[in-house]
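A.B. asks: Got a structure here, written out as C-alpha cells. Questions coming.
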Amino acid sequence: MRIERFLLAPAAVRPARTDRATLGGPAIDRVLMLGLAATALALDLFRLPGTSLWADELVSVELASQSWPVFWQFMSQHEPHMALYYLLLHVWLIVMGAIGITADELVVRAPSVFFAVLAVAMVFVIGRRFGGRIVGVVAAALYLLNFIQLTKAREARSYSLETFLVCVGWYALLMAIGESDRRRWWIVYLVAMTLGIYAHLLAALILAAQIVAFAGLLILPTEWRDRARRSIRSMVMSVGFICVALLPMVVWFVAHGSTNAWLPPAGAAAVLRAVWNVAGHDVVYALLLGGAAIAAMAVTARGIRGPRSSQTIAPAIALTCWLCVPIAISYALTQPYLNLHLFSWTYLVMVVPALCLLAAVAVVALRSPRGRLAAAVALIVAASIATPLYSFPPTQDFRTAMQWVANRWESGDGLVSTTWSATLATGYYTRIGVLPSAVSDGSPTGWDWPAPRERPLDETAVAGYAAARSRVFVLSGLLLGDTASTKEEVTTLEGTFDRLYHLVDQIAVESKDGSLTVRLYETRRRGESP
C-alpha cells in the first residue's frame with residue numbers, strides 16, 4: 001500500500017547534514033506538520049467560543065486587564081511564576097482593545113491556542129529530526145489528542161506557552177550537541193529555557209532533566225558521547241547564564257515561599273490521578289501508552305549495551321530524562337517532610353511531549369512494517385477515543401449564570417458575589433457586556449487588586465447594600481479546593497439571606513469543579529409590607 005510505504009519511511013537518524021527534517025526540510029514533511037497543526041487548531045477551537053472562563057483563567061484575564069502600575073505591583077509582590085505569560089496577555093489585550101475587539105472567552109484564550117498549535121508542530125519536528133517520519137507523525141498525533149494538552153490549550157493560562165518553549169529548548173539542546181554549527185543552537189537553547197521558566201517556574205524541573213540527560217550522554221557509551229564531551233564548556237556556560245537570568249525569581253521565592261500552598265503532599269492517590277488524566281480517563285489507552293513508553297525505555301537501555309551503530313539511543317536517553325526526572329523531583333519535593341507543593345497532574349503537561357515521543361519510538365522499534373503501522377493506528381485510535389474533554393461541562397459555567405442574571409435584571413437590583421471567583425467573574429462579564437454595567441456599582445467585594453487575597457465579606461456592608469435595593473442576586477462559585485472556612489462563610493451568608501429576605505428564584509449551574517448557584521431575593525424583610 002502506498003500509504004503504508006509513505007508513513008513507514010526509514011526512521012533511522014542520518015547525520016545532520018544529510019537529513020534536515022526541520023521547518024526547511026522536504027515538502028512532504030512541511031505538509032505533514034501543517035496538517036497536524038491544522039488538526040490541533042480545529043480540536044482546540046471546537047466548542048471553545050462562548051465556553052465560560054473559570055477561576056484561574058479569570059485571575060489571568062483580570063490581572064492582564066489592570067493598569068500597568070497595578071499589574072507590575074502584583075507581579076513584583078505577589079505571584080511572578082507566570083510572569084512572561086501575564087505580560088504577553090497584558091499586551092495582547094491592549095492590542096485587541098486598541099482595534100476594537102471585545103476580549104471575550106475566545107479572544108483571551110487565543111494566545112494559549114496559538115502556542116499549543118506551535119507545540120504540536122515542535123513535537124513533530126523533534127520526532128522527525130531524531131527518529132524519522134513515523135516518530136514525528138505518531139508523537140504529534142498522540143500529543144494533540146492528549147487530554148491534559150487539550151485541557152490546557154483551551155485555557156487562558158501559561159501552560160501552552162511553557163510547553164512550546166520547553167520543546168524548543170530540548171530541540172535546540174539536542175541540535176547543539178549533534179550539529180557541527182552549534183553556536184546558534186546554544187543561543188536558542190539559552191533563550192528558550194530562560195523564557196520557559198519565566199512562563200512557568202516549574203519549567204526549572206525541565207532544566208534539571210536536561211542537566212541529568214547531558215550527564216548521561218557524557219558517561220554512557222552512545223554515539224553522542226564524544227559530541228557531549230566537546231560540548232561541556234558550552235553546556236556549563238548556558239546553564240550558568242540561565243541561572244543568572246533567573247536570579248530575580250529565585251530571590252522572590254526564597255523570600256516569599258511557594259504560591260501553591262493549596263497543593264497537598266503527594267502520595268499514591270496523586271500519582272494515580274496524574275496517570276488517569278494523562279490517559280484521558282481511559283484504562284485501555286493508559287495500558288497502551290504506558291506500555292509503549294516503557295518498551296521504548298527498555299529498548300534504549302538495551303541499546304546502550306549494544307553496538308554504537310544505532311543512531312537513536314542518545315535522543316531516547318534525553319526523552320527518558322525529559323519524562324522521568326521532572327516527575328521524580330516534583331514528587332520527592334511534595335512529600336510531607338518537605339512539601340514545596342509541586343506535584344500536580346496539571347503541571348505535568350510539560351512532560352507529555354516526551355511521553356508521546358517515547359511511545360512513537362516504541363512503534364518504530366517494531367521490525368515488521370505492518371506491525372509498525374498497526375501499532376501506530378492502534379495508539380492513535382485509542383488516543384482519539386480517550387478524549388472525553390468535549391463531553392464535560394465547563395469547569396465553572398459563569399457565562400450561563402451571568403446570562404440568567406442579565407435576563408432577570410431590573411433597575412434598582414443588586415448583586416453580591418460570595419466567593420473570590422464569583423467576584424472576578426462578575427467584573428469580567430460586566431466588562432464584556434454580558435451583564436449590565438450597573439451590576440458592580442457599590443457591590444461589596446471579597447477581592448482587591450493588586451493584593452490577590454480573598455477576604456470575608458463585611459456583613460454590615462452587605463446588609464447596607466441589600467437595604468438600598470429592592471432585589472439582590474447572590475452568586476456563589478465554590479471550588480472543590482476552597483477552604484473549609486470559605487465554604488462556611490458562604491453557607492452563613494446564604495443562610496442570612498434565606499432568613500431575612502424572600503427567595504424569588506434560583507438556578508444551580510452544572511459545573512465540573514464545584515457548585516455554582518445564583519439566588520434572587522426580594523430584600524424586604526419577611527412579613528414587612530412593600
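Labels used: A, B, ... for chains in the order of the C-alpha cells, numbers from 1 for residues in each chain, and numbers from 1 for ligands as shown.
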Do you know which residues are at most 7 Å from Thr395 of chain A counting only C-alpha atoms, after dropping those on the same chain fewer than 2 positions away, and could you put them as a ChimeraX atom specification?
C.D. replies: /A:54,393,397,511-513
A.B. asks: Any chance you could export the current selection's N, CA, C and O atoms as a PDB file, in the first residue's frame?
C.D. replies:
```pdb
ATOM      1  N   TRP A  54     -13.099  30.043  33.907  1.00  0.00           N
ATOM      2  CA  TRP A  54     -13.218  29.609  35.295  1.00  0.00           C
ATOM      3  C   TRP A  54     -12.210  30.365  36.147  1.00  0.00           C
ATOM      4  O   TRP A  54     -11.481  31.227  35.645  1.00  0.00           O
ATOM      5  N   PRO A 393     -18.917  19.329  31.229  1.00  0.00           N
ATOM      6  CA  PRO A 393     -19.366  20.711  31.410  1.00  0.00           C
ATOM      7  C   PRO A 393     -18.162  21.600  31.694  1.00  0.00           C
ATOM      8  O   PRO A 393     -17.093  21.114  32.058  1.00  0.00           O
ATOM      9  N   ASP A 397     -19.227  27.334  35.011  1.00  0.00           N
ATOM     10  CA  ASP A 397     -20.009  27.930  33.924  1.00  0.00           C
ATOM     11  C   ASP A 397     -20.595  29.273  34.361  1.00  0.00           C
ATOM     12  O   ASP A 397     -21.807  29.429  34.531  1.00  0.00           O
ATOM     13  N   SER A 511     -21.446  22.468  36.746  1.00  0.00           N
ATOM     14  CA  SER A 511     -20.030  22.782  36.567  1.00  0.00           C
ATOM     15  C   SER A 511     -19.205  21.583  37.007  1.00  0.00           C
ATOM     16  O   SER A 511     -19.631  20.806  37.863  1.00  0.00           O
ATOM     17  N   LYS A 512     -18.020  21.451  36.410  1.00  0.00           N
ATOM     18  CA  LYS A 512     -17.192  20.270  36.667  1.00  0.00           C
ATOM     19  C   LYS A 512     -16.472  20.349  38.000  1.00  0.00           C
ATOM     20  O   LYS A 512     -16.261  19.342  38.660  1.00  0.00           O
ATOM     21  N   ASP A 513     -16.089  21.543  38.410  1.00  0.00           N
ATOM     22  CA  ASP A 513     -15.247  21.693  39.595  1.00  0.00           C
ATOM     23  C   ASP A 513     -15.970  22.517  40.656  1.00  0.00           C
ATOM     24  O   ASP A 513     -15.629  23.661  40.933  1.00  0.00           O
TER      25      ASP A 513
END
```
A.B. asks: Pick out the residues sitting within 8 Å of segment 151-166 of chain A, and hand them over as a tab-separated table (two decimals) with N, CA and C atoms, in the first residue's frame; count only C-alpha atoms, and ignore anything fewer than 5 positions along from it in its own chain.
C.D. replies:
```tsv
chain	number	residue	atom	x	y	z
A	44	ASP	N	-8.60	22.33	19.26
A	44	ASP	CA	-8.51	23.34	20.32
A	44	ASP	C	-9.68	24.32	20.26
A	45	LEU	N	-10.16	24.62	19.06
A	45	LEU	CA	-11.23	25.61	18.91
A	45	LEU	C	-12.62	25.00	18.98
A	48	LEU	N	-15.13	26.03	21.65
A	48	LEU	CA	-14.46	26.94	22.58
A	48	LEU	C	-15.15	28.31	22.67
A	53	LEU	N	-15.12	31.17	31.15
A	53	LEU	CA	-13.87	31.16	31.90
A	53	LEU	C	-14.13	30.63	33.30
A	56	ASP	N	-9.22	30.27	37.71
A	56	ASP	CA	-7.82	30.56	37.42
A	56	ASP	C	-7.67	31.41	36.16
A	57	GLU	N	-8.50	31.12	35.15
A	57	GLU	CA	-8.47	31.94	33.94
A	57	GLU	C	-8.90	33.37	34.24
A	60	SER	N	-6.04	35.31	35.48
A	60	SER	CA	-5.16	35.71	34.38
A	60	SER	C	-5.71	36.93	33.65
A	61	VAL	N	-6.97	36.86	33.27
A	61	VAL	CA	-7.55	37.90	32.43
A	61	VAL	C	-7.76	39.20	33.20
A	82	MET	N	4.24	33.09	36.60
A	82	MET	CA	3.80	33.04	35.21
A	82	MET	C	4.03	34.40	34.54
A	85	TYR	N	3.85	34.91	30.63
A	85	TYR	CA	2.50	34.75	30.07
A	85	TYR	C	1.62	35.95	30.41
A	86	TYR	N	1.66	36.38	31.67
A	86	TYR	CA	0.85	37.51	32.07
A	86	TYR	C	1.22	38.75	31.26
A	108	VAL	N	-9.40	35.94	24.68
A	108	VAL	CA	-8.41	35.85	25.77
A	108	VAL	C	-7.70	34.51	25.77
A	109	ARG	N	-8.31	33.49	25.15
A	109	ARG	CA	-7.65	32.18	25.08
A	109	ARG	C	-6.84	32.00	23.80
A	111	PRO	N	-4.03	33.34	22.62
A	111	PRO	CA	-2.60	33.07	22.76
A	111	PRO	C	-2.30	31.65	23.19
A	112	SER	N	-3.11	31.10	24.10
A	112	SER	CA	-2.88	29.72	24.55
A	112	SER	C	-3.06	28.74	23.39
A	113	VAL	N	-4.11	28.94	22.60
A	113	VAL	CA	-4.34	28.07	21.45
A	113	VAL	C	-3.19	28.18	20.46
A	115	PHE	N	0.02	28.95	20.95
A	115	PHE	CA	1.23	28.27	21.40
A	115	PHE	C	1.03	26.77	21.49
A	116	ALA	N	-0.20	26.33	21.75
A	116	ALA	CA	-0.47	24.89	21.75
A	116	ALA	C	-0.28	24.29	20.37
A	118	LEU	N	1.69	25.54	18.03
A	118	LEU	CA	3.13	25.55	17.79
A	118	LEU	C	3.82	24.40	18.51
A	119	ALA	N	3.34	24.05	19.70
A	119	ALA	CA	3.93	22.93	20.43
A	119	ALA	C	3.73	21.62	19.69
A	122	MET	N	6.25	21.51	17.02
A	122	MET	CA	7.58	21.23	17.54
A	122	MET	C	7.74	19.75	17.90
A	192	ALA	N	15.35	30.01	24.98
A	192	ALA	CA	14.10	29.25	25.13
A	192	ALA	C	13.89	28.79	26.56
A	193	MET	N	14.92	28.28	27.21
A	193	MET	CA	14.76	27.77	28.57
A	193	MET	C	14.58	28.90	29.58
A	195	LEU	N	13.12	31.82	28.94
A	195	LEU	CA	11.74	32.26	28.75
A	195	LEU	C	10.75	31.21	29.26
A	196	GLY	N	11.08	29.94	29.07
A	196	GLY	CA	10.20	28.87	29.52
A	196	GLY	C	10.00	28.89	31.03
A	197	ILE	N	11.08	29.14	31.77
A	197	ILE	CA	10.97	29.18	33.23
A	197	ILE	C	10.23	30.44	33.67
A	199	ALA	N	7.88	31.66	31.92
A	199	ALA	CA	6.49	31.35	31.59
A	199	ALA	C	5.83	30.56	32.70
A	200	HIS	N	6.60	29.67	33.32
A	200	HIS	CA	6.10	28.92	34.48
A	200	HIS	C	7.30	28.39	35.24
A	203	ALA	N	9.03	24.90	34.92
A	203	ALA	CA	9.92	24.54	33.82
A	203	ALA	C	11.36	24.40	34.29
A	206	ILE	N	12.49	20.98	34.09
A	206	ILE	CA	12.98	20.56	32.78
A	206	ILE	C	14.47	20.86	32.65
A	347	TYR	N	0.53	20.32	36.18
A	347	TYR	CA	1.89	20.76	35.87
A	347	TYR	C	2.64	19.76	34.98
A	349	VAL	N	1.89	18.65	32.20
A	349	VAL	CA	1.73	18.86	30.76
A	349	VAL	C	3.09	19.05	30.09
A	350	MET	N	4.07	19.53	30.83
A	350	MET	CA	5.39	19.79	30.24
A	350	MET	C	6.16	18.52	29.90
A	389	LEU	N	-12.89	15.26	26.75
A	389	LEU	CA	-12.93	16.66	27.15
A	389	LEU	C	-14.21	17.36	26.71
```
A.B. asks: Can you check which residues of segment 75-258 of chain A DSSP gives as helix (DSSP H, G or I) on the backbone and send them as a ChimeraX atom specification?
C.D. replies: /A:75-77,83-98,105-131,133-145,147-153,159-178,183-199,201-219,225-230,232-245,247-256
A.B. asks: Give me the residues near Pro315 of chain A as a list in words, where near means some atom within 8 Å (using only C-alpha atoms) and where sequence neighbours in that chain fewer than 3 positions away do not count.
C.D. replies: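 So, after excluding close chain neighbours, the residues are Phe130, Leu174, Thr312, Ala318 and Leu319 of chain A.
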A.B. asks: Can you pull out the residues contacting segment 96-100 of chain A? Cut-off 12 Å, using only C-alpha atoms, and skip same-chain residues under 4 positions away; I want them as a ChimeraX atom specification.
C.D. replies: /A:65,89-92,104,106-108,110-111,431-432
A.B. asks: Figure out the distance between atom CA of Ser52 of chain A and atom CA of Thr423 of chain A, please, to one decimal in Å.
C.D. replies: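 Atom CA of Ser52 of chain A lies 14.5 Å from atom CA of Thr423 of chain A.
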A.B. asks: Counting only C-alpha atoms, which of A:Ile385, A:Ala140, A:Leu88, A:Ala228 gets nearest to Leu32 of chain A?
C.D. replies: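 Counting only C-alpha atoms, the residue closest to Leu32 of chain A is A:Ala140.
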A.B. asks: Let me make sure I understand: among A:Leu516, A:Ala354, A:Ile177, A:Ala360, which one has the smallest atom-to-atom distance to Ser231 of chain A if we use only C-alpha atoms?
C.D. replies: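 Smallest distance to Ser231 of chain A is found for A:Ile177.
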A.B. asks: Please return, as a list in words, all residues of segment 406-499 of chain A that DSSP assigns to strand (DSSP E or B) on the basis of the backbone.
C.D. replies: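 Strand (DSSP E or B) members of segment 406-499 of chain A, listed: Asp413, Gly414, Leu415, Val416, Ser417, Arg471, Val472, Phe473, Val474, Leu475 and Ser476 of chain A.
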